[in-house]
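Asker: Structure file query.cif (mmCIF, C-alpha atoms) is given on the next line.
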data_coords
#
loop_
_atom_site.group_PDB
_atom_site.id
_atom_site.type_symbol
_atom_site.label_atom_id
_atom_site.label_comp_id
_atom_site.auth_asym_id
_atom_site.auth_seq_id
_atom_site.Cartn_x
_atom_site.Cartn_y
_atom_site.Cartn_z
ATOM 1 C CA MET A 1 -146.646 -138.651 -20.873
ATOM 2 C CA SER A 2 -147.234 -137.402 -24.407
ATOM 3 C CA LYS A 3 -149.135 -139.461 -26.991
ATOM 4 C CA ALA A 4 -145.825 -140.343 -28.653
ATOM 5 C CA GLU A 5 -144.396 -141.574 -25.350
ATOM 6 C CA TRP A 6 -147.505 -143.657 -24.677
ATOM 7 C CA ARG A 7 -147.279 -145.159 -28.184
ATOM 8 C CA THR A 8 -143.612 -146.055 -27.719
ATOM 9 C CA ARG A 9 -144.262 -147.661 -24.333
ATOM 10 C CA ILE A 10 -147.303 -149.711 -25.373
ATOM 11 C CA THR A 11 -145.801 -150.798 -28.674
ATOM 12 C CA ALA A 12 -142.719 -152.085 -26.826
ATOM 13 C CA GLU A 13 -144.906 -153.919 -24.289
ATOM 14 C CA ARG A 14 -146.895 -155.561 -27.070
ATOM 15 C CA ARG A 15 -143.742 -156.671 -28.874
ATOM 16 C CA SER A 16 -142.462 -158.299 -25.682
ATOM 17 C CA GLN A 17 -145.666 -160.282 -25.149
ATOM 18 C CA VAL A 18 -145.150 -164.027 -25.489
ATOM 19 C CA THR A 19 -147.021 -165.913 -28.191
ATOM 20 C CA GLU A 20 -148.955 -168.050 -25.705
ATOM 21 C CA GLU A 21 -150.297 -164.986 -23.883
ATOM 22 C CA ARG A 22 -151.313 -163.334 -27.152
ATOM 23 C CA ALA A 23 -153.151 -166.526 -28.166
ATOM 24 C CA ARG A 24 -154.904 -166.746 -24.767
ATOM 25 C CA GLU A 25 -156.037 -163.136 -25.033
ATOM 26 C CA ALA A 26 -157.240 -163.610 -28.621
ATOM 27 C CA ALA A 27 -159.303 -166.639 -27.576
ATOM 28 C CA ALA A 28 -160.809 -164.703 -24.653
ATOM 29 C CA LEU A 29 -161.749 -161.816 -26.952
ATOM 30 C CA ALA A 30 -163.366 -164.223 -29.427
ATOM 31 C CA SER A 31 -165.338 -165.801 -26.582
ATOM 32 C CA ALA A 32 -166.479 -162.367 -25.387
ATOM 33 C CA ALA A 33 -167.700 -161.612 -28.918
ATOM 34 C CA ALA A 34 -170.518 -164.092 -28.302
ATOM 35 C CA ARG A 35 -172.035 -161.556 -25.883
ATOM 36 C CA LEU A 36 -171.689 -158.458 -28.061
ATOM 37 C CA PRO A 37 -174.897 -156.675 -29.060
ATOM 38 C CA GLY A 38 -175.866 -155.490 -32.520
ATOM 39 C CA GLU A 39 -176.771 -156.893 -35.900
ATOM 40 C CA VAL A 40 -174.309 -154.895 -38.011
ATOM 41 C CA VAL A 41 -170.772 -154.728 -36.678
ATOM 42 C CA CYS A 42 -167.912 -152.697 -38.078
ATOM 43 C CA ALA A 43 -164.800 -154.488 -36.860
ATOM 44 C CA TYR A 44 -161.175 -154.820 -37.943
ATOM 45 C CA MET A 45 -158.773 -157.552 -38.954
ATOM 46 C CA PRO A 46 -155.923 -157.399 -36.415
ATOM 47 C CA PHE A 47 -152.402 -157.178 -37.717
ATOM 48 C CA GLY A 48 -149.046 -156.977 -36.051
ATOM 49 C CA THR A 49 -149.494 -156.967 -32.293
ATOM 50 C CA GLU A 50 -153.097 -155.711 -32.248
ATOM 51 C CA PRO A 51 -155.382 -157.624 -29.875
ATOM 52 C CA GLY A 52 -157.907 -159.934 -31.450
ATOM 53 C CA SER A 53 -157.999 -162.557 -34.156
ATOM 54 C CA ARG A 54 -159.914 -163.761 -37.157
ATOM 55 C CA ALA A 55 -161.710 -166.095 -34.718
ATOM 56 C CA LEU A 56 -163.454 -163.059 -33.199
ATOM 57 C CA LEU A 57 -164.728 -162.060 -36.649
ATOM 58 C CA ASP A 58 -165.840 -165.630 -37.344
ATOM 59 C CA GLN A 59 -167.672 -165.700 -33.992
ATOM 60 C CA LEU A 60 -169.624 -162.609 -35.049
ATOM 61 C CA LEU A 61 -170.463 -164.254 -38.400
ATOM 62 C CA ASP A 62 -171.562 -167.456 -36.647
ATOM 63 C CA GLN A 63 -174.058 -165.354 -34.687
ATOM 64 C CA GLY A 64 -175.594 -164.134 -37.930
ATOM 65 C CA LYS A 65 -174.207 -160.609 -37.691
ATOM 66 C CA ARG A 66 -173.247 -158.601 -40.770
ATOM 67 C CA VAL A 67 -169.538 -157.861 -40.331
ATOM 68 C CA LEU A 68 -167.860 -154.971 -42.123
ATOM 69 C CA LEU A 69 -164.102 -154.451 -42.177
ATOM 70 C CA PRO A 70 -162.187 -151.286 -43.033
ATOM 71 C CA ILE A 71 -160.555 -150.528 -46.356
ATOM 72 C CA VAL A 72 -157.614 -148.150 -45.939
ATOM 73 C CA PRO A 73 -157.842 -145.337 -48.522
ATOM 74 C CA ALA A 74 -154.990 -144.398 -50.848
ATOM 75 C CA GLU A 75 -154.761 -140.943 -49.231
ATOM 76 C CA PRO A 76 -155.240 -140.226 -45.508
ATOM 77 C CA GLY A 77 -158.950 -139.851 -44.850
ATOM 78 C CA PRO A 78 -161.988 -141.754 -43.583
ATOM 79 C CA LEU A 79 -161.983 -145.524 -43.986
ATOM 80 C CA GLY A 80 -164.044 -147.336 -46.586
ATOM 81 C CA TRP A 81 -165.785 -150.589 -45.655
ATOM 82 C CA ALA A 82 -166.487 -153.999 -47.188
ATOM 83 C CA VAL A 83 -168.310 -157.117 -46.048
ATOM 84 C CA TYR A 84 -166.331 -159.879 -44.334
ATOM 85 C CA GLU A 85 -167.640 -163.294 -45.407
ATOM 86 C CA GLY A 86 -164.941 -165.494 -43.923
ATOM 87 C CA PRO A 87 -161.217 -166.078 -44.457
ATOM 88 C CA SER A 88 -161.547 -166.615 -48.208
ATOM 89 C CA SER A 89 -162.950 -163.082 -48.577
ATOM 90 C CA LEU A 90 -159.653 -161.500 -47.430
ATOM 91 C CA GLY A 91 -156.663 -160.342 -49.440
ATOM 92 C CA PRO A 92 -153.670 -158.042 -49.010
ATOM 93 C CA GLY A 93 -154.521 -154.424 -48.178
ATOM 94 C CA ARG A 94 -152.669 -151.172 -48.794
ATOM 95 C CA LEU A 95 -150.694 -151.428 -45.559
ATOM 96 C CA ARG A 96 -148.091 -154.159 -45.453
ATOM 97 C CA GLY A 97 -149.353 -157.118 -43.433
ATOM 98 C CA LEU A 98 -152.970 -155.925 -43.336
ATOM 99 C CA LEU A 99 -155.717 -158.118 -44.757
ATOM 100 C CA GLU A 100 -158.857 -156.485 -46.144
ATOM 101 C CA PRO A 101 -162.044 -157.824 -47.732
ATOM 102 C CA THR A 102 -161.695 -158.232 -51.484
ATOM 103 C CA GLY A 103 -165.390 -157.780 -52.285
ATOM 104 C CA ARG A 104 -167.250 -154.633 -53.259
ATOM 105 C CA GLY A 105 -166.183 -151.626 -51.213
ATOM 106 C CA PHE A 106 -168.489 -149.029 -49.696
ATOM 107 C CA GLY A 107 -167.834 -145.456 -48.632
ATOM 108 C CA PRO A 108 -167.249 -144.050 -45.147
ATOM 109 C CA ASP A 109 -170.965 -143.412 -44.605
ATOM 110 C CA THR A 110 -171.472 -147.201 -44.417
ATOM 111 C CA LEU A 111 -170.180 -146.910 -40.855
ATOM 112 C CA GLY A 112 -173.544 -145.300 -40.061
ATOM 113 C CA THR A 113 -175.300 -148.653 -40.594
ATOM 114 C CA ALA A 114 -173.493 -150.309 -37.679
ATOM 115 C CA ASP A 115 -174.969 -150.814 -34.211
ATOM 116 C CA LEU A 116 -171.508 -151.690 -32.896
ATOM 117 C CA VAL A 117 -168.051 -150.500 -33.927
ATOM 118 C CA LEU A 118 -164.999 -152.433 -32.692
ATOM 119 C CA ILE A 119 -161.965 -150.173 -32.891
ATOM 120 C CA PRO A 120 -158.290 -151.056 -32.550
ATOM 121 C CA ALA A 121 -156.484 -149.025 -29.904
ATOM 122 C CA LEU A 122 -153.199 -148.883 -28.067
ATOM 123 C CA ALA A 123 -154.856 -147.693 -24.852
ATOM 124 C CA VAL A 124 -158.097 -146.253 -23.485
ATOM 125 C CA ASP A 125 -158.519 -144.138 -20.386
ATOM 126 C CA ASP A 126 -161.282 -143.901 -17.790
ATOM 127 C CA GLU A 127 -163.013 -141.116 -19.733
ATOM 128 C CA GLY A 128 -163.080 -143.059 -23.013
ATOM 129 C CA VAL A 129 -160.143 -141.275 -24.629
ATOM 130 C CA ARG A 130 -158.621 -143.682 -27.168
ATOM 131 C CA LEU A 131 -154.982 -143.728 -28.174
ATOM 132 C CA GLY A 132 -154.533 -144.979 -31.730
ATOM 133 C CA ARG A 133 -151.457 -145.454 -33.856
ATOM 134 C CA GLY A 134 -151.491 -141.809 -34.887
ATOM 135 C CA ALA A 135 -152.557 -141.948 -38.549
ATOM 136 C CA GLY A 136 -156.032 -140.573 -37.749
ATOM 137 C CA TYR A 137 -158.067 -142.968 -39.901
ATOM 138 C CA TYR A 138 -160.528 -143.777 -37.112
ATOM 139 C CA ASP A 139 -160.797 -140.198 -35.822
ATOM 140 C CA ARG A 140 -161.742 -139.149 -39.389
ATOM 141 C CA SER A 141 -164.146 -142.076 -39.743
ATOM 142 C CA LEU A 142 -166.071 -142.108 -36.471
ATOM 143 C CA SER A 143 -168.007 -138.957 -37.354
ATOM 144 C CA PHE A 144 -169.926 -141.247 -39.757
ATOM 145 C CA ALA A 145 -171.068 -143.553 -36.917
ATOM 146 C CA ALA A 146 -174.776 -143.659 -36.162
ATOM 147 C CA PRO A 147 -175.901 -141.745 -33.078
ATOM 148 C CA GLY A 148 -176.149 -144.261 -30.282
ATOM 149 C CA ALA A 149 -173.840 -146.824 -31.913
ATOM 150 C CA ALA A 150 -171.582 -148.532 -29.384
ATOM 151 C CA LEU A 151 -167.978 -147.441 -29.963
ATOM 152 C CA ILE A 152 -165.898 -150.195 -28.351
ATOM 153 C CA ALA A 153 -162.092 -150.046 -28.296
ATOM 154 C CA VAL A 154 -160.318 -153.406 -28.193
ATOM 155 C CA VAL A 155 -157.272 -153.429 -25.900
ATOM 156 C CA ARG A 156 -155.342 -155.644 -23.554
ATOM 157 C CA ASP A 157 -156.281 -155.276 -19.874
ATOM 158 C CA ALA A 158 -152.925 -153.612 -19.126
ATOM 159 C CA GLU A 159 -153.804 -150.943 -21.713
ATOM 160 C CA LEU A 160 -156.664 -149.541 -19.640
ATOM 161 C CA VAL A 161 -155.162 -146.449 -18.032
ATOM 162 C CA ARG A 162 -156.379 -143.644 -15.751
ATOM 163 C CA ALA A 163 -155.735 -140.732 -18.137
ATOM 164 C CA LEU A 164 -154.380 -140.111 -21.624
ATOM 165 C CA PRO A 165 -153.653 -136.812 -23.349
ATOM 166 C CA ALA A 166 -156.738 -135.742 -25.313
ATOM 167 C CA GLU A 167 -157.277 -133.402 -28.241
ATOM 168 C CA PRO A 168 -160.529 -131.814 -29.431
ATOM 169 C CA HIS A 169 -160.769 -134.123 -32.480
ATOM 170 C CA ASP A 170 -160.472 -137.304 -30.385
ATOM 171 C CA VAL A 171 -163.708 -139.325 -30.457
ATOM 172 C CA ARG A 172 -164.551 -140.816 -27.054
ATOM 173 C CA MET A 173 -165.287 -144.504 -26.736
ATOM 174 C CA THR A 174 -168.467 -145.713 -25.068
ATOM 175 C CA GLY A 175 -166.756 -148.895 -23.897
ATOM 176 C CA VAL A 176 -163.828 -151.261 -24.109
ATOM 177 C CA LEU A 177 -163.427 -154.947 -24.850
ATOM 178 C CA THR A 178 -160.574 -156.662 -23.020
ATOM 179 C CA PRO A 179 -159.576 -160.321 -22.633
ATOM 180 C CA ASP A 180 -160.172 -160.471 -18.871
ATOM 181 C CA GLN A 181 -162.998 -157.949 -18.334
ATOM 182 C CA GLY A 182 -164.981 -158.501 -21.509
ATOM 183 C CA VAL A 183 -167.047 -155.417 -22.318
ATOM 184 C CA ALA A 184 -166.752 -152.545 -19.845
ATOM 185 C CA PRO A 185 -168.370 -149.111 -20.200
ATOM 186 C CA ARG A 186 -166.571 -145.778 -20.506
ATOM 187 C CA PRO A 187 -166.464 -143.343 -18.835
ATOM 188 C CA VAL A 188 -165.722 -145.175 -15.614
ATOM 189 C CA ILE A 189 -168.078 -144.159 -12.815
ATOM 190 C CA ASP A 190 -166.595 -144.655 -9.360
#
What does this structure look like when you write it as structure tokens?
Answerer:
Amino acid sequence: MSKAEWRTRITAERRSQVTEERAREAAALASAAARLPGEVVCAYMPFGTEPGSRALLDQLLDQGKRVLLPIVPAEPGPLGWAVYEGPSSLGPGRLRGLLEPTGRGFGPDTLGTADLVLIPALAVDDEGVRLGRGAGYYDRSLSFAAPGAALIAVVRDAELVRALPAEPHDVRMTGVLTPDQGVAPRPVID
């Protein structure tokens, strides 16, 4: 399947997911966050049908981690970042339905301070190829990640697939975080 076909399929599957299952998965992801390494975490505030919840971000804060969330730029390009300090630090972002931190923003190079980067994805394959929504914000941003930082895509268990189409600019993930498996490395070694 092409990337567009994968996106259509997974988006439809996410839309058909029942509320109770989405809530169960979000709680499992938040619980798994208690075992995530790192002191500085670049994460994301889920919107729409993306896996996760604010509870995951709050779990990271409760552990004393510095949590940074993306700021979508006015023009397509690398993401900016700002500190998440709890629900009251969020406000409407550029994209409809997206919440972003309202505090002081930092440039894309701030991503280089993170030990761990949690990345939204539609799917991830056995080799760490990540399928995003197609806007390219993360592919443009991940070049700013520190060498050795854990790049962890957050997906539902059904969104782990054998192989996805890959392009030279695609940044490979070092692992995935799923509701049922927790953190699992990529590439998969049989």
Asker: Which polymer residues, protein or nucleic acid, are no farther than 12 Å from (-145.6, -143.3, -26.7), counting only C-alpha atoms, as a list in words?
Answerer: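 Looking at atoms near the point gives Met1, Ser2, Lys3, Ala4, Glu5, Trp6, Arg7, Thr8, Arg9, Ile10, Thr11, Ala12, Glu13, Leu122, Ala123, Leu131, Gly132, Arg133, Gly134, Leu164 and Pro165 of chain A.
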Asker: Can you work out the spacing between atom CA of Ala114 of chain A and atom CA of Arg24 of chain A in Å, to one decimal?
Answerer: 28.0 Å
Asker: Check the smallest atom-to-atom distance from each of A:Leu79, A:Leu116, A:Leu57, A:Met45 to Leu99 of chain A using only C-alpha atoms, then report the winner.
Answerer: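 Smallest separation from Leu99 of chain A among the options: A:Met45.
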Asker: Got a sec to resolve the PyMOL selection byres ((chain A and resi 111) around 9) on this structure and send the residues as a list in words?
Answerer: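 This file, filtered by the PyMOL selection byres ((chain A and resi 111) around 9), leaves Val41, Cys42, Leu68, Leu79, Gly80, Trp81, Gly107, Pro108, Asp109, Thr110, Gly112, Thr113, Ala114, Val117, Ser141, Leu142, Ser143, Phe144, Ala145 and Ala146 of chain A.
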Asker: Could you list the residues chosen by the PyMOL selection byres ((chain A and resi 64) around 12) in this structure as a PyMOL selection string?
Answerer: chain A and resi 34+37-41+57-63+65-67+85
Asker: Decode the PyMOL selection byres ((chain A and resi 31) around 9) for the given file into explicit residues and return them as a PyMOL selection string.
Answerer: chain A and resi 26-30+32-35+55-56+59+179+182
Asker: To one decimal place in Å, what is the distance between atom CA of Val18 of chain A and atom CA of Glu100 of chain A?
Answerer: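 Value for the atom CA of Val18 of chain A-atom CA of Glu100 of chain A distance: 25.9 Å.
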Asker: Counting all atoms listed in the file, which of A:Gly52, A:Tyr138, A:Val183, A:Pro147 gets nearest to Asp170 of chain A?
Answerer: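 When distances to Asp170 of chain A are compared using all atoms listed in the file, the smallest one comes from A:Tyr138.
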Asker: At what distance in Å, to one decimal, does atom CA of Gly136 of chain A lie from atom CA of Ser16 of chain A?
Answerer: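 Separation of atom CA of Ser16 of chain A and atom CA of Gly136 of chain A: 25.4 Å.
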Asker: Pick from A:Pro168, A:Pro185, A:Pro120, A:Pro73: nearest to Phe47 of chain A, with only C-alpha atoms counted?
Answerer: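 The answer is A:Pro120, which sits nearest to Phe47 of chain A.
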